[in-house]
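**Student:** After the structure tokens below, expect a handful of questions from me.
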Amino acid sequence: MFVLVNLKAYPCDPVAVATAARDVAEESGARIAVSPQAAHLPAVAGTGVETWAQHVSPVGHGSHTGSTLAEAVADAGAVGTLLNHSENRLKLADVDGSLDAADRADLETVVCGNNPDQAAAAAALGPDAVAVEPPELIGGDDSVATADPSIVEDSAAAVAAVNDDVDLFCGAGVSTGEDVAAAAELGASGVLLASGVAKAEDPRAVLRDLVSGI
């Protein structure tokens with residue numbers, strides 16, 4: 001079970017969260033990664049935690065002011081990237097282009113979708129994983145795995161029908177070890193979460209609880 005912590009643009013200390021995630025991963029044997037703002041990638045990667053970018057743009061080297069170059073992300077220490085998060089939606093062609101960019105830079109990829117149909121469409125593009133995250137549950141107190149388990153089950157089936165080499169992750173409201181265990185039972189092999197860790201007074205304690213269900 002993969003736990004991917006997206007720090008978004010929350011006012012947390014990315015190095016402190018990354019250090020806690022590294023320590024909990026080492027002591028538990030769980031796979032935990034942290035996805036900070038692009039400017040914080042080198043500092044987070046420097047802790048030794050598995051580090052992911054929040055986005056890469058569908059561009060290569062050239063005249064692309066304001067873009068996030070996949071090669072620059074990799075040079076900063078990232079080993080993977082999120083794409084098409086509900087807070088940073090892309091056109092389908094741009095998702096495909098960003099996947100190509102990530103492939104050039106040897107980055108692992110997770111493409112987000114809102115529902116089983118979007119998960120299936122994302123799986124057809126061949127990412128490493130698809131994450132289903134209903135927007136209405138993002139940042140809330142109810143985990144998708146308990147509030148609407150059919151979305152996870154149906155997405156797992158939809159992704160497998162398109163490409164059974166693509167993993168299914170789920171997110172939105174995930175914050176406890178029980179949520180992680182429930183997600184696994186529904187067919188997910190990873191979870192995405194953000195506020196549950198980034199806004200926590202004690203991120204280390206939250207992370208320990210999260211992996212207790214693995």
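Going by the structure tokens order, chains are called A, B, ..., each with residues numbered from 1, while ligands are numbered from 1 in the order shown.
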Under the rule of at most 9 Å, produce a per-residue listing of region 58-110 of chain A near region 17-36 of chain A: chain, number, name, the closest pair of atoms, and the distance in Å, as a tab-separated table, using only C-alpha atoms.
**Tutor:**
residue	atom	partner	partner_atom	distance
A:Ala78	CA	A:Ser35	CA	8.6
A:Gly80	CA	A:Ser35	CA	8.9
A:Thr81	CA	A:Ser35	CA	8.0
A:Leu82	CA	A:Ser35	CA	8.3
**Student:** Taking 5 positions as the minimum chain separation for residues in the same chain, which residues sit within 7 Å of region 58-67 of chain A when counting only C-alpha atoms? Answer as a list in words.
**Tutor:**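 Surrounding residues, per the criterion: Asp94, Gly97, Ser98 and Ala101 of chain A.
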**Student:** Please run DSSP on the backbone and report, as a list of chain:residue names, all residues within region 42-183 of chain A that come out as strand (DSSP E).
**Tutor:**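 Assigned to strand (DSSP E), within region 42-183 of chain A: A:Glu50, A:Thr51, A:Trp52, A:Ala53, A:Gly80, A:Thr81, A:Leu82, A:Leu83, A:Glu108, A:Thr109, A:Val110, A:Val111, A:Cys112, A:Gly113, A:Ala129, A:Val130, A:Ala131, A:Val132, A:Asp167, A:Leu168, A:Phe169, A:Cys170, A:Gly171.
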**Student:** Give the helix (DSSP H, G or I) residues of region 74-190 of chain A, as assigned by DSSP on the backbone, as a ChimeraX atom specification.
**Tutor:** /A:74-75,92-104,116-123,135-137,144-147,149-162,177-185
**Student:** Please identify all polymer residues within 10 Å of Ala194 (chain A), counting only C-alpha atoms, omitting same-chain residues fewer than 2 positions from it, and present them as a compact mmCIF listing (two decimals) with N, CA and C atoms, in the first residue's frame.
**Tutor:**
# COMPACT_ATOMS: atom_id res chain seq x y z
N LEU A 4 0.73 8.50 -0.39
CA LEU A 4 1.29 9.68 -1.04
C LEU A 4 0.70 10.94 -0.40
N VAL A 5 1.53 11.71 0.24
CA VAL A 5 1.10 12.91 0.98
C VAL A 5 1.33 14.14 0.12
N ASN A 6 0.25 14.77 -0.30
CA ASN A 6 0.30 15.98 -1.12
C ASN A 6 0.21 17.20 -0.20
N LEU A 7 1.26 17.99 -0.17
CA LEU A 7 1.28 19.15 0.73
C LEU A 7 0.57 20.36 0.12
N LYS A 8 0.15 20.25 -1.16
CA LYS A 8 -0.55 21.35 -1.84
C LYS A 8 0.20 22.66 -1.61
N ALA A 9 -0.52 23.71 -1.22
CA ALA A 9 0.14 24.98 -0.89
C ALA A 9 -0.16 25.34 0.56
N TYR A 10 -0.32 24.30 1.41
CA TYR A 10 -0.61 24.53 2.81
C TYR A 10 0.60 25.16 3.52
N VAL A 34 6.20 12.12 -0.28
CA VAL A 34 5.73 13.48 0.00
C VAL A 34 5.81 14.29 -1.29
N SER A 35 4.75 15.05 -1.56
CA SER A 35 4.67 15.87 -2.77
C SER A 35 4.54 17.34 -2.37
N ILE A 138 -12.87 15.96 -1.02
CA ILE A 138 -11.49 16.40 -0.80
C ILE A 138 -11.45 17.43 0.32
N GLY A 139 -10.55 17.22 1.26
CA GLY A 139 -10.38 18.14 2.38
C GLY A 139 -11.40 17.99 3.48
N GLY A 171 -8.36 8.72 -3.03
CA GLY A 171 -8.11 9.83 -2.14
C GLY A 171 -9.40 10.56 -1.83
N ALA A 172 -9.29 11.63 -1.07
CA ALA A 172 -10.40 12.46 -0.62
C ALA A 172 -10.87 12.01 0.76
N GLY A 173 -10.49 12.78 1.77
CA GLY A 173 -10.92 12.51 3.14
C GLY A 173 -10.15 11.44 3.87
N VAL A 174 -9.13 10.85 3.24
CA VAL A 174 -8.35 9.80 3.90
C VAL A 174 -7.51 10.44 5.02
N SER A 175 -7.62 9.90 6.23
CA SER A 175 -6.88 10.52 7.33
C SER A 175 -6.48 9.56 8.44
N LEU A 192 -4.04 8.74 -1.61
CA LEU A 192 -3.58 10.12 -1.64
C LEU A 192 -4.25 10.86 -0.50
N GLY A 196 -4.96 15.94 6.07
CA GLY A 196 -4.85 15.09 7.24
C GLY A 196 -3.45 15.08 7.83
N VAL A 197 -2.45 15.25 6.96
CA VAL A 197 -1.05 15.31 7.42
C VAL A 197 -0.56 16.75 7.44
N ALA A 198 -0.78 17.48 6.35
CA ALA A 198 -0.22 18.82 6.21
C ALA A 198 -0.75 19.78 7.27
N LYS A 199 -1.98 19.58 7.73
CA LYS A 199 -2.57 20.47 8.73
C LYS A 199 -2.49 19.91 10.15
N ALA A 200 -1.90 18.75 10.29
CA ALA A 200 -1.86 18.10 11.61
C ALA A 200 -0.86 18.79 12.54
**Student:** Any idea what's packed within 10 Å of Ser212 (chain A), counting only C-alpha atoms, ignoring anything in its chain fewer than 2 positions away? Could you give it as a list in words?
**Tutor:** Ser28, Ala30, Thr176, Gly177, Glu178, Val180, Ala181, Val206, Leu207, Arg208, Asp209, Leu210 and Ile214 of chain A
**Student:** Save out the residues we just selected, all heavy atoms, as a PDB file, in the first residue's frame.
**Tutor:**
ATOM      1  N   SER A  28       8.391   1.457   9.805  1.00  0.00           N
ATOM      2  CA  SER A  28       7.245   0.585   9.517  1.00  0.00           C
ATOM      3  C   SER A  28       7.439  -0.303   8.301  1.00  0.00           C
ATOM      4  O   SER A  28       6.750  -1.315   8.146  1.00  0.00           O
ATOM      5  CB  SER A  28       5.998   1.446   9.294  1.00  0.00           C
ATOM      6  OG  SER A  28       6.133   2.209   8.107  1.00  0.00           O
ATOM      7  N   ALA A  30       6.644   0.730   5.416  1.00  0.00           N
ATOM      8  CA  ALA A  30       5.620   1.172   4.470  1.00  0.00           C
ATOM      9  C   ALA A  30       6.242   2.116   3.441  1.00  0.00           C
ATOM     10  O   ALA A  30       7.253   2.773   3.702  1.00  0.00           O
ATOM     11  CB  ALA A  30       4.491   1.882   5.210  1.00  0.00           C
ATOM     12  N   THR A 176      -6.940   8.301   8.380  1.00  0.00           N
ATOM     13  CA  THR A 176      -6.647   7.354   9.460  1.00  0.00           C
ATOM     14  C   THR A 176      -6.217   5.999   8.902  1.00  0.00           C
ATOM     15  O   THR A 176      -6.419   5.702   7.720  1.00  0.00           O
ATOM     16  CB  THR A 176      -7.886   7.123  10.347  1.00  0.00           C
ATOM     17  OG1 THR A 176      -8.877   6.412   9.582  1.00  0.00           O
ATOM     18  CG2 THR A 176      -8.465   8.432  10.837  1.00  0.00           C
ATOM     19  N   GLY A 177      -5.665   5.191   9.782  1.00  0.00           N
ATOM     20  CA  GLY A 177      -5.309   3.836   9.399  1.00  0.00           C
ATOM     21  C   GLY A 177      -6.519   3.025   8.973  1.00  0.00           C
ATOM     22  O   GLY A 177      -6.431   2.170   8.084  1.00  0.00           O
ATOM     23  N   GLU A 178      -7.663   3.275   9.591  1.00  0.00           N
ATOM     24  CA  GLU A 178      -8.897   2.586   9.197  1.00  0.00           C
ATOM     25  C   GLU A 178      -9.284   2.934   7.766  1.00  0.00           C
ATOM     26  O   GLU A 178      -9.747   2.074   7.011  1.00  0.00           O
ATOM     27  CB  GLU A 178     -10.028   2.947  10.161  1.00  0.00           C
ATOM     28  CG  GLU A 178      -9.865   2.361  11.561  1.00  0.00           C
ATOM     29  CD  GLU A 178     -11.038   2.720  12.463  1.00  0.00           C
ATOM     30  OE1 GLU A 178     -11.931   3.474  12.003  1.00  0.00           O
ATOM     31  OE2 GLU A 178     -11.062   2.245  13.617  1.00  0.00           O
ATOM     32  N   VAL A 180      -7.217   3.750   5.371  1.00  0.00           N
ATOM     33  CA  VAL A 180      -6.270   3.066   4.493  1.00  0.00           C
ATOM     34  C   VAL A 180      -6.642   1.593   4.356  1.00  0.00           C
ATOM     35  O   VAL A 180      -6.638   1.030   3.251  1.00  0.00           O
ATOM     36  CB  VAL A 180      -4.829   3.217   5.022  1.00  0.00           C
ATOM     37  CG1 VAL A 180      -3.857   2.387   4.193  1.00  0.00           C
ATOM     38  CG2 VAL A 180      -4.412   4.683   5.012  1.00  0.00           C
ATOM     39  N   ALA A 181      -6.961   0.959   5.460  1.00  0.00           N
ATOM     40  CA  ALA A 181      -7.348  -0.455   5.423  1.00  0.00           C
ATOM     41  C   ALA A 181      -8.618  -0.645   4.604  1.00  0.00           C
ATOM     42  O   ALA A 181      -8.729  -1.598   3.817  1.00  0.00           O
ATOM     43  CB  ALA A 181      -7.553  -0.973   6.840  1.00  0.00           C
ATOM     44  N   VAL A 206       0.107  11.130  12.972  1.00  0.00           N
ATOM     45  CA  VAL A 206      -0.884  10.824  11.937  1.00  0.00           C
ATOM     46  C   VAL A 206      -0.339   9.795  10.967  1.00  0.00           C
ATOM     47  O   VAL A 206      -1.028   8.839  10.588  1.00  0.00           O
ATOM     48  CB  VAL A 206      -1.304  12.102  11.182  1.00  0.00           C
ATOM     49  CG1 VAL A 206      -2.217  11.761  10.012  1.00  0.00           C
ATOM     50  CG2 VAL A 206      -2.008  13.075  12.130  1.00  0.00           C
ATOM     51  N   LEU A 207       0.897   9.958  10.552  1.00  0.00           N
ATOM     52  CA  LEU A 207       1.510   9.013   9.612  1.00  0.00           C
ATOM     53  C   LEU A 207       1.620   7.618  10.226  1.00  0.00           C
ATOM     54  O   LEU A 207       1.381   6.612   9.546  1.00  0.00           O
ATOM     55  CB  LEU A 207       2.882   9.536   9.188  1.00  0.00           C
ATOM     56  CG  LEU A 207       2.854  10.727   8.226  1.00  0.00           C
ATOM     57  CD1 LEU A 207       4.185  11.440   8.225  1.00  0.00           C
ATOM     58  CD2 LEU A 207       2.506  10.269   6.823  1.00  0.00           C
ATOM     59  N   ARG A 208       1.976   7.556  11.487  1.00  0.00           N
ATOM     60  CA  ARG A 208       2.052   6.253  12.139  1.00  0.00           C
ATOM     61  C   ARG A 208       0.692   5.573  12.174  1.00  0.00           C
ATOM     62  O   ARG A 208       0.583   4.362  11.966  1.00  0.00           O
ATOM     63  CB  ARG A 208       2.602   6.416  13.564  1.00  0.00           C
ATOM     64  CG  ARG A 208       4.117   6.609  13.618  1.00  0.00           C
ATOM     65  CD  ARG A 208       4.603   6.787  15.044  1.00  0.00           C
ATOM     66  NE  ARG A 208       6.060   6.799  15.108  1.00  0.00           N
ATOM     67  CZ  ARG A 208       6.763   7.519  15.972  1.00  0.00           C
ATOM     68  NH1 ARG A 208       6.144   8.277  16.863  1.00  0.00           N
ATOM     69  NH2 ARG A 208       8.080   7.479  15.953  1.00  0.00           N
ATOM     70  N   ASP A 209      -0.346   6.347  12.432  1.00  0.00           N
ATOM     71  CA  ASP A 209      -1.688   5.782  12.433  1.00  0.00           C
ATOM     72  C   ASP A 209      -2.083   5.327  11.037  1.00  0.00           C
ATOM     73  O   ASP A 209      -2.684   4.257  10.867  1.00  0.00           O
ATOM     74  CB  ASP A 209      -2.678   6.827  12.951  1.00  0.00           C
ATOM     75  CG  ASP A 209      -4.107   6.290  12.960  1.00  0.00           C
ATOM     76  OD1 ASP A 209      -4.333   5.211  13.540  1.00  0.00           O
ATOM     77  OD2 ASP A 209      -4.999   6.928  12.374  1.00  0.00           O
ATOM     78  N   LEU A 210      -1.736   6.113  10.025  1.00  0.00           N
ATOM     79  CA  LEU A 210      -2.082   5.751   8.654  1.00  0.00           C
ATOM     80  C   LEU A 210      -1.507   4.398   8.260  1.00  0.00           C
ATOM     81  O   LEU A 210      -2.195   3.556   7.688  1.00  0.00           O
ATOM     82  CB  LEU A 210      -1.574   6.818   7.686  1.00  0.00           C
ATOM     83  CG  LEU A 210      -2.372   8.112   7.595  1.00  0.00           C
ATOM     84  CD1 LEU A 210      -1.559   9.199   6.904  1.00  0.00           C
ATOM     85  CD2 LEU A 210      -3.676   7.874   6.854  1.00  0.00           C
ATOM     86  N   ILE A 214      -1.888  -0.954   7.359  1.00  0.00           N
ATOM     87  CA  ILE A 214      -1.281  -1.656   6.218  1.00  0.00           C
ATOM     88  C   ILE A 214      -0.788  -3.042   6.655  1.00  0.00           C
ATOM     89  O   ILE A 214      -0.043  -3.126   7.624  1.00  0.00           O
ATOM     90  CB  ILE A 214      -0.109  -0.836   5.636  1.00  0.00           C
ATOM     91  CG1 ILE A 214      -0.622   0.506   5.133  1.00  0.00           C
ATOM     92  CG2 ILE A 214       0.579  -1.596   4.529  1.00  0.00           C
ATOM     93  CD1 ILE A 214       0.451   1.439   4.659  1.00  0.00           C
TER      94      ILE A 214
END
**Student:** Please indicate the distance in Å from CA of Leu99 (chain A) to CA of Ser189 (chain A), rounded to one decimal place.
**Tutor:** 20.4 Å
